[in-house]
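Written out below as structure tokens is the structure these notes cover.
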Amino acid sequence: MNLRCDGLTKTFGRHHALKGASLSVEFAHTLALIGPSGGGKSTLLRVLAGLEFPDAGTVEVNGRRLVFEENALAAYRKKIGVVFQSFNLFPHLSAWDNILLPLEKVHQFPDARQRAAAVLERFGLAAHAAKKPAELSGGQRQRVAIARALAIAPEFILMDEPTSALDPEMTAEVLDVIAELRASAQPLILVTHEMGFARESADAVAFVAGGAVLECTPAREFFQQPRSETARRFLQRILKY
Ligand SMILES: Nc1ncnc2c1ncn2[C@@H]1O[C@H](COP(=O)(O)OP(=O)(O)OP(=O)(O)O)[C@@H](O)[C@H]1O
Ligand SMILES: [Mg+2]
């Protein structure tokens, strides 16, 4: 995945969520967005997902410039997968229908049923297909959400803190799934507070603070030698316990 952002700005009322965020990543499978709360990670991810229009700036994904106009974005959104912290599953539908219905109704895949069955199998969810979200554990719910995102064979996947609503065991279960995606070379952009995971599993890290990307480097480099004082302080604080 190649990704380039230049000078992204986004204001909500008088609040500046992004103040000229720029980053450039080449040939990375996994990009982790990390940084302090309120720094702009989710806003940046939503712009990359085509869910939020920036006030200014450009985004280029795999050499193509995103056109921030509703029709163009609708086509773009169909090619990517998004996974949220809160799963966003339909509560009245079974795991099977949560996965199958978008494949049939939104994407009109002729092989929708085969695709749904394949991702349920791949993520160890076949035995839970008939259950509704309330009958699944948090980790299973998030695996269903990831399976749903994967079923369309997306160009890349975006995840916003996919484990932050989970206890440690379920977090490990979901991180295993994400590690498997990485091993299968599925391009992935992930907002995470799991520093150990970012260090081990991300190829590149973008450190987002104060509405800007202060560093965008290979993950190993970032954790060994953060360049900005803000990142150094952030890591010291967060790795203390
Ligand atoms: N829809 C919105 N309306 C108003 N302000 C918003 C909106 N979305 C984000 N903001 C503000 O923009 C800033 C950046 O928010 P964002 O959610 O991108 O941060 P974050 O880095 O994801 O934080 P966290 O780690 O807590 O999730 C915050 O100060 C937030 O309050
Ligand atoms: Mg956020």
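Residues are referred to by chain and number: the chain letter is A, B, ... according to the order shown in the structure tokens, the number counts from 1 in that chain, and ligands are numbered separately from 1 in the order shown.
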
- Task: Residues within 6 Å of ligand 1 should be enumerated using only C-alpha atoms and all ligand atoms and returned as a ChimeraX atom specification.
- Result: /A:12,17,36-43

Using only C-alpha atoms and all ligand atoms, which protein or nucleic acid residues are at most 12 Å from ligand 2, as a JSON list (two decimals) with C-alpha atoms, in the first residue's frame?
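This went into out.json:
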[["chain", "number", "residue", "atom", "x", "y", "z"],
["A", 17, "ALA", "CA", -9.00, 18.53, 14.59],
["A", 33, "LEU", "CA", -1.61, 5.56, 13.78],
["A", 34, "ILE", "CA", -0.69, 6.26, 17.37],
["A", 35, "GLY", "CA", -0.62, 9.28, 19.65],
["A", 36, "PRO", "CA", -2.31, 11.07, 22.52],
["A", 37, "SER", "CA", -6.06, 11.24, 22.95],
["A", 38, "GLY", "CA", -7.68, 14.05, 20.97],
["A", 39, "GLY", "CA", -4.66, 14.30, 18.67],
["A", 40, "GLY", "CA", -6.65, 13.66, 15.49],
["A", 41, "LYS", "CA", -6.10, 9.93, 14.78],
["A", 42, "SER", "CA", -9.77, 9.07, 14.27],
["A", 43, "THR", "CA", -10.38, 12.18, 12.20],
["A", 44, "LEU", "CA", -7.42, 11.31, 9.97],
["A", 45, "LEU", "CA", -8.61, 7.70, 9.66],
["A", 46, "ARG", "CA", -12.13, 8.86, 8.74],
["A", 84, "PHE", "CA", -14.81, 0.36, 14.39],
["A", 85, "GLN", "CA", -14.20, 0.07, 18.11],
["A", 86, "SER", "CA", -17.91, -0.56, 18.72],
["A", 159, "MET", "CA", -9.53, -0.05, 11.92],
["A", 160, "ASP", "CA", -10.11, 2.44, 14.71],
["A", 161, "GLU", "CA", -9.04, 0.99, 18.06],
["A", 162, "PRO", "CA", -10.51, -2.43, 17.31],
["A", 164, "SER", "CA", -10.17, -0.92, 23.10],
["A", 190, "LEU", "CA", -4.94, 0.80, 12.26],
["A", 191, "VAL", "CA", -5.43, 3.28, 15.10],
["A", 192, "THR", "CA", -4.21, 1.58, 18.24],
["A", 193, "HIS", "CA", -3.16, 2.14, 21.81],
["A", 208, "VAL", "CA", -0.37, 11.98, 15.36],
["A", 209, "ALA", "CA", -0.57, 14.79, 17.91],
["A", 211, "GLY", "CA", -3.77, 17.65, 14.55]]

- Query: Mind checking DSSP for stretch 106-170 of chain A and telling me the strand (DSSP E or B) residues as a ChimeraX atom specification?
  - Reply: /A:156-160

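Taking atom CA of A:Leu66 and atom CA of A:Pro187 as endpoints, the distance between them is 17.5 Å.
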
- Query: For the atom pair atom CA of A:Arg122 and atom CA of A:Glu194, what is the interatomic distance in Å to one decimal place?
  - Reply: 24.0 Å

- Message: Please list as a PyMOL selection string every residue within 7 Å of A:Gln142, counting only C-alpha atoms and excluding residues in the same chain fewer than 4 positions away.
- Response: chain A and resi 87+138+146

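Using only C-alpha atoms, the residues found no farther than 12 Å from A:Glu121, other than those of its own chain fewer than 6 positions away, are Trp96, Gln114, Arg115, Ala127, His128, Ala129, Arg143, Val144, Ala147 and Ala151 of chain A.
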
Hey, can you spit out that residue selection with C-alpha atoms as a PDB file, in the first residue's frame?
ATOM      1  CA  TRP A  96     -24.186 -14.882   9.078  1.00  0.00           C
ATOM      2  CA  GLN A 114     -19.527 -18.612  -0.642  1.00  0.00           C
ATOM      3  CA  ARG A 115     -17.692 -15.472   0.433  1.00  0.00           C
ATOM      4  CA  ALA A 127     -20.047 -22.487  14.875  1.00  0.00           C
ATOM      5  CA  HIS A 128     -21.390 -19.028  15.786  1.00  0.00           C
ATOM      6  CA  ALA A 129     -23.006 -18.163  12.447  1.00  0.00           C
ATOM      7  CA  ARG A 143     -14.006 -10.998  14.649  1.00  0.00           C
ATOM      8  CA  VAL A 144     -17.378 -10.956  12.879  1.00  0.00           C
ATOM      9  CA  ALA A 147     -14.718 -10.990   8.738  1.00  0.00           C
ATOM     10  CA  ALA A 151     -15.374 -10.600   2.760  1.00  0.00           C
TER      11      ALA A 151
END

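Our summary of the geometry notes that atom CA of A:Gly139 is positioned 6.2 Å from atom CA of A:Val174.
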
Can you list every residue of stretch 133-207 of chain A that has an atom at most 12 Å from stretch 102-105 of chain A, with its nearest atom pair and the distance in Å to one decimal, using only C-alpha atoms, ordered by chain then number, as a Markdown table?
| residue | atom | partner | partner_atom | distance |
| --- | --- | --- | --- | --- |
| A:Ala145 | CA | A:Pro102 | CA | 11.9 |
| A:Ala147 | CA | A:Leu103 | CA | 11.7 |
| A:Arg148 | CA | A:Pro102 | CA | 8.4 |
| A:Ala149 | CA | A:Pro102 | CA | 9.8 |
| A:Leu150 | CA | A:Leu103 | CA | 10.7 |
| A:Ala151 | CA | A:Leu103 | CA | 7.6 |
| A:Ile152 | CA | A:Leu103 | CA | 7.0 |
| A:Ala153 | CA | A:Leu103 | CA | 10.7 |
| A:Pro154 | CA | A:Leu103 | CA | 12.0 |

- Query: Which polymer residues have any atom within 8 Å of an atom of A:Asp203, counting only C-alpha atoms, with same-chain residues fewer than 2 positions away left out, as an MDAnalysis selection string?
  - Reply: chainID A and resid 28:32 201 205 218:220

Generate the output file for the selected residues, C-alpha atoms, as a compact mmCIF listing (two decimals), in the first residue's frame.
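Saved the output as part-v9.txt:
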# COMPACT_ATOMS: atom_id res chain seq x y z
CA ALA A 28 3.84 -0.81 3.88
CA HIS A 29 1.38 -3.58 4.69
CA THR A 30 0.49 -2.28 8.13
CA LEU A 31 0.45 1.37 9.15
CA ALA A 32 -0.29 2.13 12.81
CA SER A 201 3.34 -5.95 13.91
CA VAL A 205 4.05 4.22 12.42
CA PRO A 218 9.37 2.46 10.11
CA ALA A 219 7.91 1.12 13.36
CA ARG A 220 11.21 -0.18 14.71

- Task: Run DSSP on the backbone and give me the residues of stretch 47-198 of chain A it puts in helix (DSSP H, G or I), as a VMD selection string.
- Result: chain A and resid 47 to 48 70 to 77 95 to 106 112 to 122 126 to 128 133 to 135 138 to 150 168 to 183 195 to 198

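When only C-alpha atoms are used to measure the gap to A:Glu69, the shortest distance among A:Gly210, A:Phe53, A:Ala204, A:Val83 belongs to A:Phe53.
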